[in-house]
$ cat query.tsv   # TSV, C-alpha atoms
chain	number	residue	atom	x	y	z
Z	490	MET	CA	5.92	-53.11	-1.09
Z	491	VAL	CA	3.24	-54.06	1.44
Z	492	GLU	CA	3.54	-57.72	2.40
Z	493	TYR	CA	0.25	-59.64	2.57
Z	494	SER	CA	-0.09	-63.22	3.75
Z	495	PHE	CA	-2.76	-65.66	2.61
Z	496	PRO	CA	-1.35	-69.14	3.30
Z	497	GLY	CA	-4.08	-71.77	3.53
Z	498	LYS	CA	-6.56	-69.52	1.71
Z	499	VAL	CA	-8.22	-70.38	-1.59
Z	500	VAL	CA	-8.92	-67.50	-3.98
Z	501	LEU	CA	-10.92	-67.46	-7.21
Z	502	VAL	CA	-10.54	-64.49	-9.53
Z	503	THR	CA	-12.98	-64.55	-12.44
Z	504	GLY	CA	-11.66	-63.45	-15.82
Z	505	SER	CA	-8.08	-63.91	-14.65
Z	506	SER	CA	-6.46	-65.27	-17.80
Z	507	ARG	CA	-4.88	-61.87	-18.48
Z	508	GLY	CA	-5.10	-58.16	-17.71
Z	509	MET	CA	-6.10	-56.86	-14.32
Z	510	GLY	CA	-7.54	-60.20	-13.21
Z	511	ALA	CA	-4.23	-61.93	-13.83
Z	512	THR	CA	-2.35	-59.22	-11.93
Z	513	ILE	CA	-4.71	-59.56	-8.96
Z	514	LEU	CA	-4.34	-63.34	-8.90
Z	515	GLU	CA	-0.55	-63.08	-9.07
Z	516	GLY	CA	-0.70	-60.80	-6.03
Z	517	PHE	CA	-2.52	-63.51	-4.10
Z	518	ALA	CA	-0.04	-66.14	-5.33
Z	519	ARG	CA	2.85	-64.00	-4.10
Z	520	ALA	CA	1.08	-63.92	-0.72
Z	521	GLY	CA	0.82	-67.72	-0.56
Z	522	ALA	CA	-2.79	-68.39	-1.53
Z	523	THR	CA	-4.04	-71.38	-3.51
Z	524	CYS	CA	-5.19	-69.80	-6.76
Z	525	VAL	CA	-7.98	-70.57	-9.22
Z	526	VAL	CA	-7.53	-69.07	-12.68
Z	527	ASN	CA	-10.86	-68.64	-14.46
Z	528	TYR	CA	-11.20	-68.01	-18.18
Z	529	PHE	CA	-13.88	-67.96	-20.88
Z	530	ALA	CA	-13.25	-70.67	-23.49
Z	531	ASP	CA	-13.12	-68.80	-26.81
Z	532	ASP	CA	-13.11	-70.59	-30.18
Z	533	ALA	CA	-9.53	-69.55	-30.97
Z	534	GLY	CA	-8.24	-70.89	-27.66
Z	535	GLN	CA	-6.41	-67.66	-26.85
Z	536	ASN	CA	-7.94	-67.34	-23.39
Z	537	LEU	CA	-6.84	-70.87	-22.49
Z	538	ARG	CA	-3.30	-70.09	-23.60
Z	539	ASP	CA	-3.30	-66.87	-21.59
Z	540	ALA	CA	-4.72	-68.70	-18.56
Z	541	GLY	CA	-1.88	-71.21	-18.81
Z	542	LEU	CA	0.68	-68.42	-18.78
Z	543	THR	CA	-0.97	-66.81	-15.76
Z	544	ALA	CA	-0.96	-70.16	-13.99
Z	545	GLU	CA	2.77	-70.54	-14.69
Z	546	ARG	CA	3.54	-67.13	-13.23
Z	547	CYS	CA	1.49	-67.94	-10.13
Z	548	ARG	CA	3.11	-71.35	-9.66
Z	549	ALA	CA	6.49	-69.65	-9.71
Z	550	PHE	CA	5.65	-68.46	-6.19
Z	551	GLY	CA	5.36	-72.09	-5.05
Z	552	VAL	CA	1.58	-72.21	-4.68
Z	553	THR	CA	-1.06	-74.61	-5.99
Z	554	VAL	CA	-2.92	-73.29	-9.03
Z	555	HIS	CA	-6.04	-74.64	-10.73
Z	556	VAL	CA	-7.22	-73.51	-14.17
Z	557	LEU	CA	-10.98	-73.67	-14.78
Z	558	ASP	CA	-13.10	-72.41	-17.64
Z	559	ALA	CA	-16.58	-70.96	-17.10
Z	560	ASP	CA	-18.76	-68.36	-18.77
Z	561	VAL	CA	-19.85	-66.32	-15.76
Z	562	SER	CA	-22.94	-65.10	-17.62
Z	563	ASN	CA	-24.25	-68.71	-17.61
Z	564	TYR	CA	-25.73	-69.81	-14.28
Z	565	GLU	CA	-25.21	-73.53	-14.87
Z	566	ALA	CA	-21.58	-72.91	-15.86
Z	567	VAL	CA	-21.00	-71.02	-12.61
Z	568	GLU	CA	-22.62	-73.85	-10.65
Z	569	THR	CA	-20.16	-76.26	-12.23
Z	570	LEU	CA	-17.27	-73.87	-11.56
Z	571	MET	CA	-18.03	-73.72	-7.84
Z	572	LYS	CA	-18.41	-77.49	-7.60
Z	573	ARG	CA	-15.02	-77.91	-9.25
Z	574	VAL	CA	-13.44	-75.43	-6.84
Z	575	VAL	CA	-14.69	-77.53	-3.92
Z	576	GLU	CA	-13.52	-80.77	-5.55
Z	577	LEU	CA	-10.05	-79.44	-6.33
Z	578	ALA	CA	-9.36	-77.02	-3.49
Z	579	GLY	CA	-11.70	-78.13	-0.73
Z	580	GLY	CA	-13.60	-74.86	-0.49
Z	581	LEU	CA	-13.25	-71.13	-1.06
Z	582	ASP	CA	-12.12	-68.21	1.07
Z	583	ILE	CA	-11.93	-65.28	-1.36
Z	584	LEU	CA	-13.89	-64.45	-4.51
Z	585	VAL	CA	-12.89	-61.57	-6.77
Z	586	ASN	CA	-15.51	-60.78	-9.39
Z	587	ASN	CA	-13.36	-59.36	-12.16
Z	588	ALA	CA	-14.73	-60.79	-15.43
Z	589	GLY	CA	-16.14	-58.12	-17.71
Z	590	ILE	CA	-16.56	-57.00	-21.31
Z	591	LEU	CA	-17.03	-53.72	-23.17
Z	592	ARG	CA	-19.34	-52.90	-26.08
Z	593	ASP	CA	-19.26	-49.12	-26.18
Z	594	ARG	CA	-21.73	-47.27	-28.37
Z	595	SER	CA	-23.95	-44.24	-27.98
Z	596	ILE	CA	-27.46	-45.11	-26.86
Z	597	ARG	CA	-28.73	-44.22	-30.32
Z	598	LYS	CA	-26.45	-46.82	-31.91
Z	599	MET	CA	-26.52	-49.41	-29.12
Z	600	THR	CA	-28.33	-52.61	-30.08
Z	601	PRO	CA	-30.30	-54.80	-27.67
Z	602	SER	CA	-27.52	-57.37	-28.15
Z	603	ASP	CA	-24.89	-54.81	-27.06
Z	604	TRP	CA	-26.95	-53.97	-24.00
Z	605	HIS	CA	-27.72	-57.52	-22.92
Z	606	ALA	CA	-24.22	-58.92	-23.53
Z	607	VAL	CA	-22.61	-56.40	-21.19
Z	608	LEU	CA	-25.31	-56.67	-18.52
Z	609	GLN	CA	-25.18	-60.46	-18.62
Z	610	THR	CA	-21.43	-60.67	-18.11
Z	611	ASN	CA	-20.76	-57.61	-15.96
Z	612	LEU	CA	-23.80	-57.75	-13.67
Z	613	ASP	CA	-25.52	-61.12	-13.99
Z	614	GLY	CA	-22.09	-62.75	-13.76
Z	615	VAL	CA	-21.31	-60.99	-10.49
Z	616	PHE	CA	-24.70	-62.01	-9.08
Z	617	PHE	CA	-24.33	-65.64	-10.17
Z	618	CYS	CA	-20.79	-65.97	-8.84
Z	619	SER	CA	-21.54	-64.18	-5.57
Z	620	LYS	CA	-24.73	-66.14	-4.90
Z	621	LEU	CA	-23.16	-69.52	-5.59
Z	622	ALA	CA	-19.81	-68.71	-3.99
Z	623	ALA	CA	-21.60	-67.73	-0.78
Z	624	GLU	CA	-22.70	-71.37	-0.50
Z	625	ILE	CA	-19.09	-72.61	-0.44
Z	626	LEU	CA	-17.32	-69.65	1.15
Z	627	ARG	CA	-15.92	-70.41	4.56
Z	628	ASP	CA	-16.97	-68.14	7.43
Z	629	ASN	CA	-14.98	-64.89	7.52
Z	630	GLY	CA	-14.53	-65.11	3.76
Z	631	ARG	CA	-14.22	-62.21	1.38
Z	632	ILE	CA	-15.94	-61.06	-1.81
Z	633	VAL	CA	-14.39	-58.16	-3.73
Z	634	ASN	CA	-16.20	-56.87	-6.80
Z	635	ILE	CA	-14.50	-54.95	-9.57
Z	636	ALA	CA	-16.87	-52.08	-10.32
Z	637	SER	CA	-15.80	-48.94	-12.19
Z	638	ILE	CA	-15.81	-45.19	-11.91
Z	639	ALA	CA	-18.17	-45.40	-14.91
Z	640	GLY	CA	-20.81	-46.76	-12.55
Z	641	ILE	CA	-20.53	-43.62	-10.41
Z	642	VAL	CA	-20.20	-40.80	-12.93
Z	643	GLY	CA	-21.22	-42.34	-16.29
Z	644	PHE	CA	-19.39	-41.80	-19.58
Z	645	HIS	CA	-20.59	-41.11	-23.10
Z	646	GLY	CA	-21.09	-44.34	-25.03
Z	647	GLN	CA	-21.14	-46.57	-21.96
Z	648	ALA	CA	-24.80	-46.80	-20.99
Z	649	ASN	CA	-24.61	-50.60	-20.78
Z	650	TYR	CA	-21.26	-50.70	-18.96
Z	651	ALA	CA	-22.15	-47.89	-16.54
Z	652	ALA	CA	-25.53	-49.44	-15.74
Z	653	ALA	CA	-23.91	-52.81	-15.05
Z	654	LYS	CA	-21.22	-51.34	-12.81
Z	655	ALA	CA	-23.73	-49.21	-10.93
Z	656	GLY	CA	-25.67	-52.42	-10.37
Z	657	VAL	CA	-22.53	-54.08	-9.01
Z	658	ILE	CA	-22.13	-51.25	-6.50
Z	659	ALA	CA	-25.74	-51.65	-5.34
Z	660	LEU	CA	-25.41	-55.45	-5.20
Z	661	THR	CA	-22.30	-55.03	-3.06
Z	662	LYS	CA	-24.23	-52.99	-0.50
Z	663	VAL	CA	-27.12	-55.43	-0.29
Z	664	MET	CA	-25.10	-58.62	-0.15
Z	665	SER	CA	-22.78	-57.22	2.50
Z	666	LYS	CA	-25.76	-57.04	4.85
Z	667	GLU	CA	-27.02	-60.51	4.04
Z	668	VAL	CA	-23.77	-62.39	4.75
Z	669	ALA	CA	-22.41	-60.22	7.56
Z	670	ARG	CA	-23.44	-62.64	10.32
Z	671	ARG	CA	-21.03	-65.21	8.90
Z	672	GLY	CA	-18.17	-62.72	9.08
Z	673	ILE	CA	-18.05	-62.50	5.27
Z	674	THR	CA	-17.33	-59.05	3.91
Z	675	VAL	CA	-18.42	-57.79	0.49
Z	676	ASN	CA	-16.73	-54.73	-0.96
Z	677	ALA	CA	-16.04	-53.22	-4.35
Z	678	VAL	CA	-13.33	-51.18	-6.00
Z	679	ALA	CA	-14.10	-48.65	-8.72
Z	680	PRO	CA	-11.02	-48.21	-10.91
Z	681	GLY	CA	-10.66	-45.23	-13.19
Z	682	VAL	CA	-8.42	-45.42	-16.26
Z	683	ILE	CA	-6.08	-48.37	-15.73
Z	684	ARG	CA	-3.39	-49.65	-18.09
Z	685	THR	CA	-5.03	-52.92	-19.21
Z	686	PRO	CA	-5.75	-54.54	-22.61
Z	687	MET	CA	-9.09	-52.70	-22.57
Z	688	LEU	CA	-7.16	-49.47	-23.26
Z	689	ASP	CA	-5.65	-50.88	-26.45
Z	690	GLY	CA	-8.63	-49.74	-28.47
Z	691	LEU	CA	-8.33	-46.11	-27.36
Z	692	LYS	CA	-6.78	-43.59	-29.71
Z	693	ALA	CA	-3.60	-41.99	-28.38
Z	694	GLU	CA	-5.15	-38.53	-28.37
Z	695	VAL	CA	-8.13	-39.77	-26.33
Z	696	LEU	CA	-5.84	-41.36	-23.75
Z	697	ALA	CA	-3.76	-38.17	-23.60
Z	698	GLU	CA	-6.93	-36.18	-22.93
Z	699	TYR	CA	-7.83	-38.53	-20.09
Z	700	GLU	CA	-4.38	-38.07	-18.58
Z	701	LYS	CA	-4.84	-34.31	-18.59
Z	702	GLN	CA	-7.99	-34.72	-16.50
Z	703	ILE	CA	-6.45	-37.05	-13.92
Z	704	PRO	CA	-5.01	-35.01	-11.04
Z	705	VAL	CA	-2.00	-37.31	-10.56
Z	706	GLY	CA	-1.24	-36.92	-14.28
Z	707	ARG	CA	-1.18	-40.54	-15.41
Z	708	VAL	CA	-3.30	-43.64	-15.85
Z	709	GLY	CA	-3.26	-46.25	-13.12
Z	710	ARG	CA	-1.36	-49.53	-13.03
Z	711	PRO	CA	-3.05	-52.92	-12.53
Z	712	GLU	CA	-0.79	-53.49	-9.53
Z	713	GLU	CA	-2.34	-50.47	-7.83
Z	714	VAL	CA	-5.78	-52.01	-8.14
Z	715	ALA	CA	-4.48	-55.40	-6.99
Z	716	HIS	CA	-3.04	-53.82	-3.84
Z	717	VAL	CA	-6.46	-52.49	-2.81
Z	718	VAL	CA	-8.14	-55.82	-3.58
Z	719	LEU	CA	-5.64	-57.67	-1.38
Z	720	PHE	CA	-6.15	-55.10	1.37
Z	721	LEU	CA	-9.93	-55.64	1.32
Z	722	ALA	CA	-9.40	-59.41	1.31
Z	723	CYS	CA	-7.03	-59.56	4.26
Z	724	GLU	CA	-8.04	-60.56	7.76
Z	725	GLU	CA	-7.34	-57.10	9.16
Z	726	SER	CA	-10.08	-55.58	6.94
Z	727	GLY	CA	-12.88	-57.54	8.57
Z	728	TYR	CA	-14.70	-54.42	9.77
Z	729	ILE	CA	-14.94	-52.92	6.28
Z	730	THR	CA	-17.95	-54.10	4.29
Z	731	GLY	CA	-20.51	-52.76	1.83
Z	732	GLN	CA	-18.05	-50.14	0.59
Z	733	THR	CA	-16.92	-49.06	-2.87
Z	734	LEU	CA	-13.42	-47.59	-3.03
Z	735	PRO	CA	-12.57	-45.48	-6.11
Z	736	ILE	CA	-9.05	-45.97	-7.51
Z	737	THR	CA	-8.88	-43.05	-9.92
Z	738	GLY	CA	-5.85	-40.85	-9.25
Z	739	GLY	CA	-8.31	-38.24	-7.97
Z	740	TRP	CA	-10.37	-38.18	-11.18
Z	741	PHE	CA	-14.15	-37.98	-10.93

$ encode --input "query.tsv" --output "structure tokens"
Amino acid sequence: MVEYSFPGKVVLVTGSSRGMGATILEGFARAGATCVVNYFADDAGQNLRDAGLTAERCRAFGVTVHVLDADVSNYEAVETLMKRVVELAGGLDILVNNAGILRDRSIRKMTPSDWHAVLQTNLDGVFFCSKLAAEILRDNGRIVNIASIAGIVGFHGQANYAAAKAGVIALTKVMSKEVARRGITVNAVAPGVIRTPMLDGLKAEVLAEYEKQIPVGRVGRPEEVAHVVLFLACEESGYITGQTLPITGGWF
């Protein structure tokens, strides 16, 4: 396993109560970073419970962990989130924009609500968090956006999701130019089919068909995405910015 080191760094991963976000945050915890778990406060309280479990796993590595709720699609909520990060951790070094939702339907069946909900979380949320995080990010900080292969090739029934992720890729390119003088890099990763809770809704035969199309013959693991995120966040990657790196097992 590649050994990364982030002692003294503060990292915020949005949507990190479970799934890929939690795996990414645990990777930073293993590398010694102060971690901020972010979750969306649902009525049932499940996200809070999951966030607590993620925090426990991160603390097992001996690091400081803060758990903060915020709906990234709400600008005022993100403002409050960033203020709390400063109050609790003293600042921010790394932002990973991971929070996202799915509402897949064909364009014919897609409602305006389906469209706006996905764009608001998956694109507006990345803009809000990036804009406001840039105000508290220390020089030579890092922003890593979780895009998707859907934003590059497009898939049936994902007009909203693909449009949002394509927007994230474009936003990554623009913002990388605007913060470069401060030594801040902005990159994105574009995962393909990754074993996360989002796959739970797929029928077995659909997943099997995907696997047939992936040259390496399997779906990806969250840890494989986390590795690339940590690579883009490390000090040695300071000359890489404005890029989107597909993590697809060769599938396009």

$ residues_around --input "query.tsv" --residues "Z:His645" --least-positions-apart "3" --cutoff "10 Å" --atoms "all atoms listed in the file" --output "PyMOL selection string"
chain Z and resi 593-596+639+648+651

$ atom_distance --input "query.tsv" --atom1 "atom CA of Z:Gly630" --atom2 "atom CA of Z:Gly672"
6.9 Å

$ atom_distance --input "query.tsv" --atom1 "atom CA of Z:Gly504" --atom2 "atom CA of Z:Val695"
26.1 Å

$ closest_residue --input "query.tsv" --among "Z:His555, Z:Arg631, Z:Arg710, Z:Lys662" --to "Z:Cys723" --atoms "all atoms listed in the file"
Z:Arg631

$ residues_around --input "query.tsv" --residues "Z:Gln609" --least-positions-apart "6" --cutoff "10 Å" --atoms "only C-alpha atoms" --output "list in words"
Val561, Ser562, Asn563, Gly589, Ile590, Val615, Phe616, Phe617 and Ala653 of chain Z

$ closest_residue --input "query.tsv" --among "Z:Gln702, Z:Thr503, Z:Ser637, Z:Thr553" --to "Z:Ala622" --atoms "only C-alpha atoms"
Z:Thr503

$ closest_residue --input "query.tsv" --among "Z:Ala540, Z:Val708, Z:Ile658, Z:Ala636" --to "Z:Pro680" --atoms "all atoms listed in the file"
Z:Ala636

$ closest_residue --input "query.tsv" --among "Z:Pro711, Z:Asn634, Z:Leu581, Z:Arg573" --to "Z:Ala659" --atoms "only C-alpha atoms"
Z:Asn634

$ residues_around --input "query.tsv" --residues "Z:Leu501" --least-positions-apart "2" --cutoff "12 Å" --atoms "all atoms listed in the file" --output "PyMOL selection string"
chain Z and resi 498-499+503-506+510-511+513-515+517-518+522-528+554-559+567+570-571+573-575+578+580-588+618-619+622+625-626+630-634+722

$ atom_distance --input "query.tsv" --atom1 "atom CA of Z:Asp628" --atom2 "atom CA of Z:Pro496"
16.2 Å

$ residues_around --input "query.tsv" --residues "Z:Val717" --least-positions-apart "3" --cutoff "9 Å" --atoms "only C-alpha atoms" --output "ChimeraX atom specification"
/Z:678,712-714,720-722,734,736

$ axis_aligned_box --input "query.tsv" --around "stretch 539-553 of chain Z" --padding-each-side "3 Å" --output "AutoDock Vina command-line options"
--center_x 0.9 --center_y -70.7 --center_z -13.1 --size_x 17.2 --size_y 13.8 --size_z 22.9

$ closest_residue --input "query.tsv" --among "Z:Glu568, Z:Glu667, Z:Val718, Z:Asp532" --to "Z:Val500" --atoms "only C-alpha atoms"
Z:Val718
